[in-house]
$ cat run-v7.cif   # mmCIF, C-alpha atoms and all ligand atoms; chains and numbers go by the auth columns
data_data
#
loop_
_atom_site.group_PDB
_atom_site.id
_atom_site.type_symbol
_atom_site.label_atom_id
_atom_site.label_comp_id
_atom_site.label_asym_id
_atom_site.label_seq_id
_atom_site.Cartn_x
_atom_site.Cartn_y
_atom_site.Cartn_z
_atom_site.B_iso_or_equiv
_atom_site.auth_seq_id
_atom_site.auth_asym_id
ATOM 1 C CA MET A 1 53.104 -144.195 -104.231 0.00 1 R
ATOM 2 C CA ASP A 2 51.916 -144.686 -100.672 0.00 2 R
ATOM 3 C CA LYS A 3 49.594 -141.818 -99.890 0.00 3 R
ATOM 4 C CA LYS A 4 50.078 -141.992 -96.149 0.00 4 R
ATOM 5 C CA ILE A 5 52.800 -140.633 -93.882 0.00 5 R
ATOM 6 C CA ILE A 6 53.216 -140.863 -90.116 0.00 6 R
ATOM 7 C CA TYR A 7 54.764 -138.280 -87.819 0.00 7 R
ATOM 8 C CA ILE A 8 55.649 -138.851 -84.195 0.00 8 R
ATOM 9 C CA THR A 9 55.737 -135.691 -82.107 0.00 9 R
ATOM 10 C CA THR A 10 57.138 -135.614 -78.588 0.00 10 R
ATOM 11 C CA SER A 11 55.780 -132.270 -77.357 0.00 11 R
ATOM 12 C CA PRO A 12 52.764 -130.035 -77.932 0.00 12 R
ATOM 13 C CA GLY A 13 55.157 -127.585 -79.571 0.00 13 R
ATOM 14 C CA GLN A 14 56.145 -130.118 -82.212 0.00 14 R
ATOM 15 C CA THR A 15 52.520 -130.830 -83.038 0.00 15 R
ATOM 16 C CA LYS A 16 51.928 -127.096 -83.378 0.00 16 R
ATOM 17 C CA LYS A 17 54.935 -126.855 -85.655 0.00 17 R
ATOM 18 C CA LEU A 18 53.595 -129.592 -87.916 0.00 18 R
ATOM 19 C CA GLY A 19 50.421 -127.527 -88.228 0.00 19 R
ATOM 20 C CA PHE A 20 52.450 -124.379 -88.822 0.00 20 R
ATOM 21 C CA LEU A 21 54.460 -125.891 -91.668 0.00 21 R
ATOM 22 C CA LEU A 22 51.435 -127.479 -93.298 0.00 22 R
ATOM 23 C CA ALA A 23 49.638 -124.130 -93.197 0.00 23 R
ATOM 24 C CA GLN A 24 52.447 -122.497 -95.100 0.00 24 R
ATOM 25 C CA ALA A 25 52.164 -125.163 -97.774 0.00 25 R
ATOM 26 C CA ALA A 26 48.368 -124.776 -97.835 0.00 26 R
ATOM 27 C CA ALA A 27 48.575 -121.006 -98.187 0.00 27 R
ATOM 28 C CA SER A 28 50.834 -121.223 -101.205 0.00 28 R
ATOM 29 C CA ARG A 29 48.937 -123.975 -103.000 0.00 29 R
ATOM 30 C CA GLY A 30 47.150 -123.593 -106.311 0.00 30 R
ATOM 31 C CA ASN A 31 43.670 -122.303 -105.583 0.00 31 R
ATOM 32 C CA ALA A 32 41.498 -124.797 -107.427 0.00 32 R
ATOM 33 C CA THR A 33 39.378 -125.837 -104.447 0.00 33 R
ATOM 34 C CA ALA A 34 39.166 -125.147 -100.751 0.00 34 R
ATOM 35 C CA PHE A 35 41.836 -126.892 -98.674 0.00 35 R
ATOM 36 C CA VAL A 36 39.976 -129.139 -96.241 0.00 36 R
ATOM 37 C CA MET A 37 41.450 -131.242 -93.437 0.00 37 R
ATOM 38 C CA ALA A 38 39.558 -133.844 -91.401 0.00 38 R
ATOM 39 C CA LEU A 39 41.196 -134.249 -87.976 0.00 39 R
ATOM 40 C CA GLY A 40 40.274 -137.581 -86.414 0.00 40 R
ATOM 41 C CA GLY A 41 41.350 -139.112 -83.109 0.00 41 R
ATOM 42 C CA ASP A 42 40.511 -139.230 -79.433 0.00 42 R
ATOM 43 C CA LEU A 43 40.006 -136.409 -76.987 0.00 43 R
ATOM 44 C CA GLY A 44 43.381 -135.047 -75.884 0.00 44 R
ATOM 45 C CA ALA A 45 45.243 -136.449 -78.886 0.00 45 R
ATOM 46 C CA GLY A 46 46.402 -133.020 -80.080 0.00 46 R
ATOM 47 C CA LYS A 47 43.933 -131.933 -82.750 0.00 47 R
ATOM 48 C CA THR A 48 43.401 -128.480 -81.312 0.00 48 R
ATOM 49 C CA ARG A 49 47.154 -128.026 -80.670 0.00 49 R
ATOM 50 C CA PHE A 50 47.699 -128.774 -84.344 0.00 50 R
ATOM 51 C CA VAL A 51 45.038 -126.241 -85.354 0.00 51 R
ATOM 52 C CA GLN A 52 46.697 -123.606 -83.158 0.00 52 R
ATOM 53 C CA GLY A 53 49.968 -124.112 -85.015 0.00 53 R
ATOM 54 C CA PHE A 54 48.154 -124.143 -88.332 0.00 54 R
ATOM 55 C CA ALA A 55 46.431 -120.832 -87.619 0.00 55 R
ATOM 56 C CA ALA A 56 49.765 -119.319 -86.586 0.00 56 R
ATOM 57 C CA GLY A 57 51.222 -120.552 -89.870 0.00 57 R
ATOM 58 C CA LEU A 58 48.541 -118.563 -91.689 0.00 58 R
ATOM 59 C CA GLY A 59 49.580 -115.489 -89.716 0.00 59 R
ATOM 60 C CA ILE A 60 46.411 -115.532 -87.588 0.00 60 R
ATOM 61 C CA LYS A 61 47.088 -113.675 -84.360 0.00 61 R
ATOM 62 C CA ASP A 62 43.877 -114.524 -82.491 0.00 62 R
ATOM 63 C CA ALA A 63 44.114 -117.184 -79.801 0.00 63 R
ATOM 64 C CA VAL A 64 42.602 -120.358 -81.214 0.00 64 R
ATOM 65 C CA ALA A 65 40.757 -122.501 -78.681 0.00 65 R
ATOM 66 C CA SER A 66 38.332 -125.373 -78.994 0.00 66 R
ATOM 67 C CA PRO A 67 35.205 -123.746 -80.362 0.00 67 R
ATOM 68 C CA THR A 68 33.336 -125.327 -77.468 0.00 68 R
ATOM 69 C CA PHE A 69 30.406 -122.965 -77.502 0.00 69 R
ATOM 70 C CA SER A 70 30.361 -122.347 -81.196 0.00 70 R
ATOM 71 C CA ILE A 71 30.850 -125.464 -83.358 0.00 71 R
ATOM 72 C CA MET A 72 32.511 -123.207 -85.951 0.00 72 R
ATOM 73 C CA LYS A 73 34.875 -120.231 -85.865 0.00 73 R
ATOM 74 C CA ARG A 74 36.028 -118.174 -88.834 0.00 74 R
ATOM 75 C CA TYR A 75 39.388 -116.382 -88.985 0.00 75 R
ATOM 76 C CA GLY A 76 40.384 -114.127 -91.843 0.00 76 R
ATOM 77 C CA PHE A 77 44.011 -114.552 -92.928 0.00 77 R
ATOM 78 C CA LYS A 78 46.476 -112.936 -95.268 0.00 78 R
ATOM 79 C CA THR A 79 49.907 -114.318 -96.153 0.00 79 R
ATOM 80 C CA LYS A 80 52.420 -113.246 -98.784 0.00 80 R
ATOM 81 C CA GLU A 81 50.920 -115.743 -101.221 0.00 81 R
ATOM 82 C CA SER A 82 47.219 -115.631 -100.504 0.00 82 R
ATOM 83 C CA ALA A 83 44.324 -114.311 -98.489 0.00 83 R
ATOM 84 C CA GLY A 84 41.141 -116.023 -97.428 0.00 84 R
ATOM 85 C CA ALA A 85 39.331 -117.447 -94.461 0.00 85 R
ATOM 86 C CA PHE A 86 40.276 -120.273 -92.145 0.00 86 R
ATOM 87 C CA TYR A 87 37.368 -122.195 -90.593 0.00 87 R
ATOM 88 C CA HIS A 88 37.886 -124.216 -87.426 0.00 88 R
ATOM 89 C CA ILE A 89 34.974 -126.600 -87.045 0.00 89 R
ATOM 90 C CA ASP A 90 34.490 -128.913 -84.063 0.00 90 R
ATOM 91 C CA CYS A 91 31.660 -131.439 -84.371 0.00 91 R
ATOM 92 C CA TYR A 92 32.195 -132.839 -80.846 0.00 92 R
ATOM 93 C CA ARG A 93 29.066 -131.251 -79.454 0.00 93 R
ATOM 94 C CA LEU A 94 27.003 -132.586 -82.312 0.00 94 R
ATOM 95 C CA ARG A 95 27.507 -136.163 -81.144 0.00 95 R
ATOM 96 C CA SER A 96 24.099 -136.091 -79.506 0.00 96 R
ATOM 97 C CA GLY A 97 22.367 -135.743 -82.821 0.00 97 R
ATOM 98 C CA GLY A 98 22.913 -132.155 -83.919 0.00 98 R
ATOM 99 C CA ASP A 99 22.527 -131.009 -87.464 0.00 99 R
ATOM 100 C CA LEU A 100 25.281 -129.462 -89.580 0.00 100 R
ATOM 101 C CA ALA A 101 22.980 -128.118 -92.247 0.00 101 R
ATOM 102 C CA PHE A 102 22.815 -124.604 -90.793 0.00 102 R
ATOM 103 C CA LEU A 103 26.590 -124.121 -91.068 0.00 103 R
ATOM 104 C CA GLY A 104 26.488 -123.884 -94.867 0.00 104 R
ATOM 105 C CA LEU A 105 29.511 -126.165 -95.242 0.00 105 R
ATOM 106 C CA ASP A 106 28.881 -126.648 -98.956 0.00 106 R
ATOM 107 C CA GLY A 107 29.408 -122.975 -99.645 0.00 107 R
ATOM 108 C CA ILE A 108 32.535 -122.924 -97.492 0.00 108 R
ATOM 109 C CA PHE A 109 34.058 -125.972 -99.171 0.00 109 R
ATOM 110 C CA ASN A 110 33.263 -124.652 -102.643 0.00 110 R
ATOM 111 C CA ASP A 111 35.125 -121.369 -102.217 0.00 111 R
ATOM 112 C CA PRO A 112 38.777 -121.913 -103.187 0.00 112 R
ATOM 113 C CA ALA A 113 39.887 -119.031 -100.947 0.00 113 R
ATOM 114 C CA ASN A 114 38.921 -121.085 -97.894 0.00 114 R
ATOM 115 C CA ILE A 115 40.870 -123.434 -95.671 0.00 115 R
ATOM 116 C CA ALA A 116 39.026 -125.617 -93.172 0.00 116 R
ATOM 117 C CA ALA A 117 39.986 -127.933 -90.311 0.00 117 R
ATOM 118 C CA ILE A 118 37.288 -130.227 -88.912 0.00 118 R
ATOM 119 C CA GLU A 119 37.633 -131.961 -85.550 0.00 119 R
ATOM 120 C CA TRP A 120 35.422 -135.040 -84.984 0.00 120 R
ATOM 121 C CA PRO A 121 34.803 -135.248 -88.747 0.00 121 R
ATOM 122 C CA GLU A 122 32.833 -138.514 -88.569 0.00 122 R
ATOM 123 C CA LEU A 123 29.622 -136.543 -88.272 0.00 123 R
ATOM 124 C CA ALA A 124 30.391 -134.459 -91.328 0.00 124 R
ATOM 125 C CA ALA A 125 31.628 -137.446 -93.336 0.00 125 R
ATOM 126 C CA GLY A 126 29.101 -137.172 -96.154 0.00 126 R
ATOM 127 C CA LEU A 127 29.689 -133.427 -96.488 0.00 127 R
ATOM 128 C CA LEU A 128 33.466 -133.394 -96.917 0.00 128 R
ATOM 129 C CA PRO A 129 35.007 -132.869 -100.370 0.00 129 R
ATOM 130 C CA LYS A 130 36.642 -135.874 -102.039 0.00 130 R
ATOM 131 C CA ASN A 131 40.119 -134.384 -101.789 0.00 131 R
ATOM 132 C CA THR A 132 39.963 -133.821 -98.021 0.00 132 R
ATOM 133 C CA LEU A 133 43.331 -134.416 -96.341 0.00 133 R
ATOM 134 C CA ARG A 134 42.806 -136.960 -93.551 0.00 134 R
ATOM 135 C CA LEU A 135 44.833 -136.575 -90.391 0.00 135 R
ATOM 136 C CA ASN A 136 44.528 -138.985 -87.499 0.00 136 R
ATOM 137 C CA PHE A 137 45.860 -138.262 -84.022 0.00 137 R
ATOM 138 C CA GLU A 138 46.733 -140.958 -81.478 0.00 138 R
ATOM 139 C CA VAL A 139 48.136 -140.754 -77.979 0.00 139 R
ATOM 140 C CA ALA A 140 51.373 -142.786 -77.954 0.00 140 R
ATOM 141 C CA GLY A 141 52.721 -141.705 -74.558 0.00 141 R
ATOM 142 C CA LYS A 142 52.508 -138.849 -72.087 0.00 142 R
ATOM 143 C CA ASN A 143 53.918 -136.290 -74.522 0.00 143 R
ATOM 144 C CA LYS A 144 54.039 -138.483 -77.583 0.00 144 R
ATOM 145 C CA ARG A 145 51.501 -138.325 -80.388 0.00 145 R
ATOM 146 C CA ARG A 146 51.308 -140.358 -83.571 0.00 146 R
ATOM 147 C CA ILE A 147 49.887 -138.288 -86.399 0.00 147 R
ATOM 148 C CA SER A 148 49.100 -139.835 -89.749 0.00 148 R
ATOM 149 C CA LEU A 149 48.398 -137.853 -92.897 0.00 149 R
ATOM 150 C CA LYS A 150 46.542 -139.413 -95.762 0.00 150 R
ATOM 151 C CA ALA A 151 45.737 -137.812 -99.087 0.00 151 R
ATOM 152 C CA ALA A 152 42.492 -138.696 -100.845 0.00 152 R
HETATM 153 P P1 LIG B . 42.196 -132.615 -78.907 0.00 201 R
HETATM 154 O O1 LIG B . 41.826 -131.356 -79.620 0.00 201 R
HETATM 155 O O2 LIG B . 42.625 -133.718 -79.840 0.00 201 R
HETATM 156 O O3 LIG B . 41.148 -133.065 -77.952 0.00 201 R
HETATM 157 P P2 LIG B . 44.123 -130.949 -77.561 0.00 201 R
HETATM 158 O O4 LIG B . 45.020 -130.427 -78.619 0.00 201 R
HETATM 159 O O5 LIG B . 43.054 -130.053 -77.041 0.00 201 R
HETATM 160 O O6 LIG B . 43.490 -132.349 -78.046 0.00 201 R
HETATM 161 O O7 LIG B . 44.938 -131.436 -76.301 0.00 201 R
HETATM 162 C C1 LIG B . 46.111 -132.195 -76.383 0.00 201 R
HETATM 163 C C2 LIG B . 46.715 -132.286 -74.995 0.00 201 R
HETATM 164 O O8 LIG B . 47.850 -133.154 -75.012 0.00 201 R
HETATM 165 C C3 LIG B . 47.195 -130.935 -74.505 0.00 201 R
HETATM 166 O O9 LIG B . 46.994 -130.851 -73.127 0.00 201 R
HETATM 167 C C4 LIG B . 48.689 -130.965 -74.834 0.00 201 R
HETATM 168 O O10 LIG B . 49.466 -130.133 -73.990 0.00 201 R
HETATM 169 C C5 LIG B . 49.010 -132.449 -74.582 0.00 201 R
HETATM 170 N N1 LIG B . 50.160 -132.948 -75.352 0.00 201 R
HETATM 171 C C6 LIG B . 51.204 -133.629 -74.850 0.00 201 R
HETATM 172 N N2 LIG B . 52.072 -134.001 -75.805 0.00 201 R
HETATM 173 C C7 LIG B . 51.548 -133.553 -76.978 0.00 201 R
HETATM 174 C C8 LIG B . 51.995 -133.640 -78.327 0.00 201 R
HETATM 175 N N3 LIG B . 53.119 -134.291 -78.699 0.00 201 R
HETATM 176 N N4 LIG B . 51.217 -133.042 -79.251 0.00 201 R
HETATM 177 C C9 LIG B . 50.060 -132.421 -78.912 0.00 201 R
HETATM 178 N N5 LIG B . 49.581 -132.327 -77.656 0.00 201 R
HETATM 179 C C10 LIG B . 50.326 -132.887 -76.691 0.00 201 R
HETATM 180 MG MG MG B . 39.970 -130.343 -79.729 0.00 202 R
#
$ encode --input "run-v7.cif" --output "structure tokens"
Amino acid sequence: MDKKIIYITTSPGQTKKLGFLLAQAAASRGNATAFVMALGGDLGAGKTRFVQGFAAGLGIKDAVASPTFSIMKRYGFKTKESAGAFYHIDCYRLRSGGDLAFLGLDGIFNDPANIAAIEWPELAAGLLPKNTLRLNFEVAGKNKRRISLKAA
């Protein structure tokens, strides 16, 4: 079966809702490994909007913004089905040759209670688990975004 699917959203709210629904699926999954998503695509393509919806879908009440000053932010979550931590990682600032080693990503990705979303994942490519869900965001119009999902 084709392992890729494409969604077209026509408002930021729809992109958030895609994140929201996916989070509910992620929270009720079998807990064999961490659930890791690599969010690729240009600046302004909707990655952070998606993460905001995703966090809301995990019941996280904190406002989720681009972790501009902090490469990584951790949010505890608890749903009916599961509890754990959601990590929002943004490698954008590392483009000028930063180092991800200090984040301890291995430990995060090895704990099945964790869920992680990584913006600008190219830099972390070698560190991501094999079963990372790949999402790619493209601007397709003023309010239109083309979002592809690809399983490993
Ligand atoms: P990124 O994290 O990929 O850089 P953001 O989520 O921060 O992008 O920003 C996306 C911008 O595009 C926001 O200003 C948002 O309001 C706007 N936008 C317009 N239409 C959409 C859409 N369909 N989905 C997501 N964002 C959209
Ligand atoms: Mg962003």
$ residues_around --input "run-v7.cif" --residues "Leu100 (chain R)" --least-positions-apart "6" --cutoff "12 Å" --atoms "only C-alpha atoms" --output "PyMOL selection string"
chain R and resi 71-72+89-94+106+121-128
$ closest_atom_pairs --input "run-v7.cif" --of "region 75-110 of chain R" --to "region 8-30 of chain R" --cutoff "12 Å" --atoms "all atoms listed in the file" --output "tab-separated table"
residue	atom	partner	partner_atom	distance
R:Phe77	CA	R:Ala27	CA	9.5
R:Lys78	CA	R:Ala27	CA	8.8
R:Thr79	CA	R:Ala27	CA	7.1
R:Lys80	CA	R:Ser28	CA	8.5
R:Glu81	CA	R:Ser28	CA	5.5
R:Ser82	CA	R:Ala27	CA	6.0
R:Ala83	CA	R:Ala27	CA	7.9
R:Gly84	CA	R:Ala27	CA	9.0
R:Ala85	CA	R:Ala27	CA	10.6
R:Phe86	CA	R:Ala23	CA	10.2
$ residues_near_ligand --input "run-v7.cif" --ligand "ligand LIG 201 (chain R)" --cutoff "9 Å" --atoms "all atoms listed in the file" --output "PyMOL selection string"
chain R and resi 8-16+39-52+65-66+90+119-120+137-147
$ atom_distance --input "run-v7.cif" --atom1 "CA of Ile6 (chain R)" --atom2 "CA of Ile118 (chain R)"
19.2 Å
$ atom_distance --input "run-v7.cif" --atom1 "CA of Leu133 (chain R)" --atom2 "CA of Phe35 (chain R)"
8.0 Å
$ atom_distance --input "run-v7.cif" --atom1 "CA of Ile108 (chain R)" --atom2 "CA of Lys4 (chain R)"
25.9 Å
$ axis_aligned_box --input "run-v7.cif" --around "region 133-142 of chain R" --padding-each-side "5 Å" --output "lines of an AutoDock Vina configuration file"
center_x = 47.8
center_y = -138.6
center_z = -84.2
size_x = 19.9
size_y = 18.4
size_z = 34.3
$ residues_near_point --input "run-v7.cif" --point "(44.9, -116.3, -88.5)" --cutoff "9 Å" --atoms "only C-alpha atoms" --output "PDB file with C-alpha atoms, in the coordinates of the input"
ATOM      1  CA  PHE R  54      48.154-124.143 -88.332  1.00  0.00           C
ATOM      2  CA  ALA R  55      46.431-120.832 -87.619  1.00  0.00           C
ATOM      3  CA  ALA R  56      49.765-119.319 -86.586  1.00  0.00           C
ATOM      4  CA  GLY R  57      51.222-120.552 -89.870  1.00  0.00           C
ATOM      5  CA  LEU R  58      48.541-118.563 -91.689  1.00  0.00           C
ATOM      6  CA  GLY R  59      49.580-115.489 -89.716  1.00  0.00           C
ATOM      7  CA  ILE R  60      46.411-115.532 -87.588  1.00  0.00           C
ATOM      8  CA  LYS R  61      47.088-113.675 -84.360  1.00  0.00           C
ATOM      9  CA  ASP R  62      43.877-114.524 -82.491  1.00  0.00           C
ATOM     10  CA  ALA R  63      44.114-117.184 -79.801  1.00  0.00           C
ATOM     11  CA  VAL R  64      42.602-120.358 -81.214  1.00  0.00           C
ATOM     12  CA  TYR R  75      39.388-116.382 -88.985  1.00  0.00           C
ATOM     13  CA  GLY R  76      40.384-114.127 -91.843  1.00  0.00           C
ATOM     14  CA  PHE R  77      44.011-114.552 -92.928  1.00  0.00           C
ATOM     15  CA  LYS R  78      46.476-112.936 -95.268  1.00  0.00           C
ATOM     16  CA  ALA R  85      39.331-117.447 -94.461  1.00  0.00           C
ATOM     17  CA  PHE R  86      40.276-120.273 -92.145  1.00  0.00           C
TER      18      PHE R  86
END
$ closest_residue --input "run-v7.cif" --among "R:Arg74, R:Ala151, R:Leu135, R:His88" --to "ligand MG 202 (chain R)" --atoms "only C-alpha atoms and all ligand atoms"
R:His88
$ closest_residue --input "run-v7.cif" --among "R:Ala38, R:Leu103, R:Ser148, R:Ile5" --to "Ser70 (chain R)" --atoms "all atoms listed in the file"
R:Leu103
$ residues_around --input "run-v7.cif" --residues "Gly107 (chain R)" --least-positions-apart "2" --cutoff "12 Å" --atoms "all atoms listed in the file" --output "list in words"
Thr33, Ala34, Ala101, Phe102, Leu103, Gly104, Leu105, Phe109, Asn110, Asp111, Pro112, Ala113, Asn114, Ala116, Leu127, Leu128 and Pro129 of chain R
$ write_last_selection --input "run-v7.cif" --atoms "C-alpha atoms" --output "CSV table (one decimal), in the coordinates of the input"
chain,number,residue,atom,x,y,z
R,33,THR,CA,39.4,-125.8,-104.4
R,34,ALA,CA,39.2,-125.1,-100.8
R,101,ALA,CA,23.0,-128.1,-92.2
R,102,PHE,CA,22.8,-124.6,-90.8
R,103,LEU,CA,26.6,-124.1,-91.1
R,104,GLY,CA,26.5,-123.9,-94.9
R,105,LEU,CA,29.5,-126.2,-95.2
R,109,PHE,CA,34.1,-126.0,-99.2
R,110,ASN,CA,33.3,-124.7,-102.6
R,111,ASP,CA,35.1,-121.4,-102.2
R,112,PRO,CA,38.8,-121.9,-103.2
R,113,ALA,CA,39.9,-119.0,-100.9
R,114,ASN,CA,38.9,-121.1,-97.9
R,116,ALA,CA,39.0,-125.6,-93.2
R,127,LEU,CA,29.7,-133.4,-96.5
R,128,LEU,CA,33.5,-133.4,-96.9
R,129,PRO,CA,35.0,-132.9,-100.4
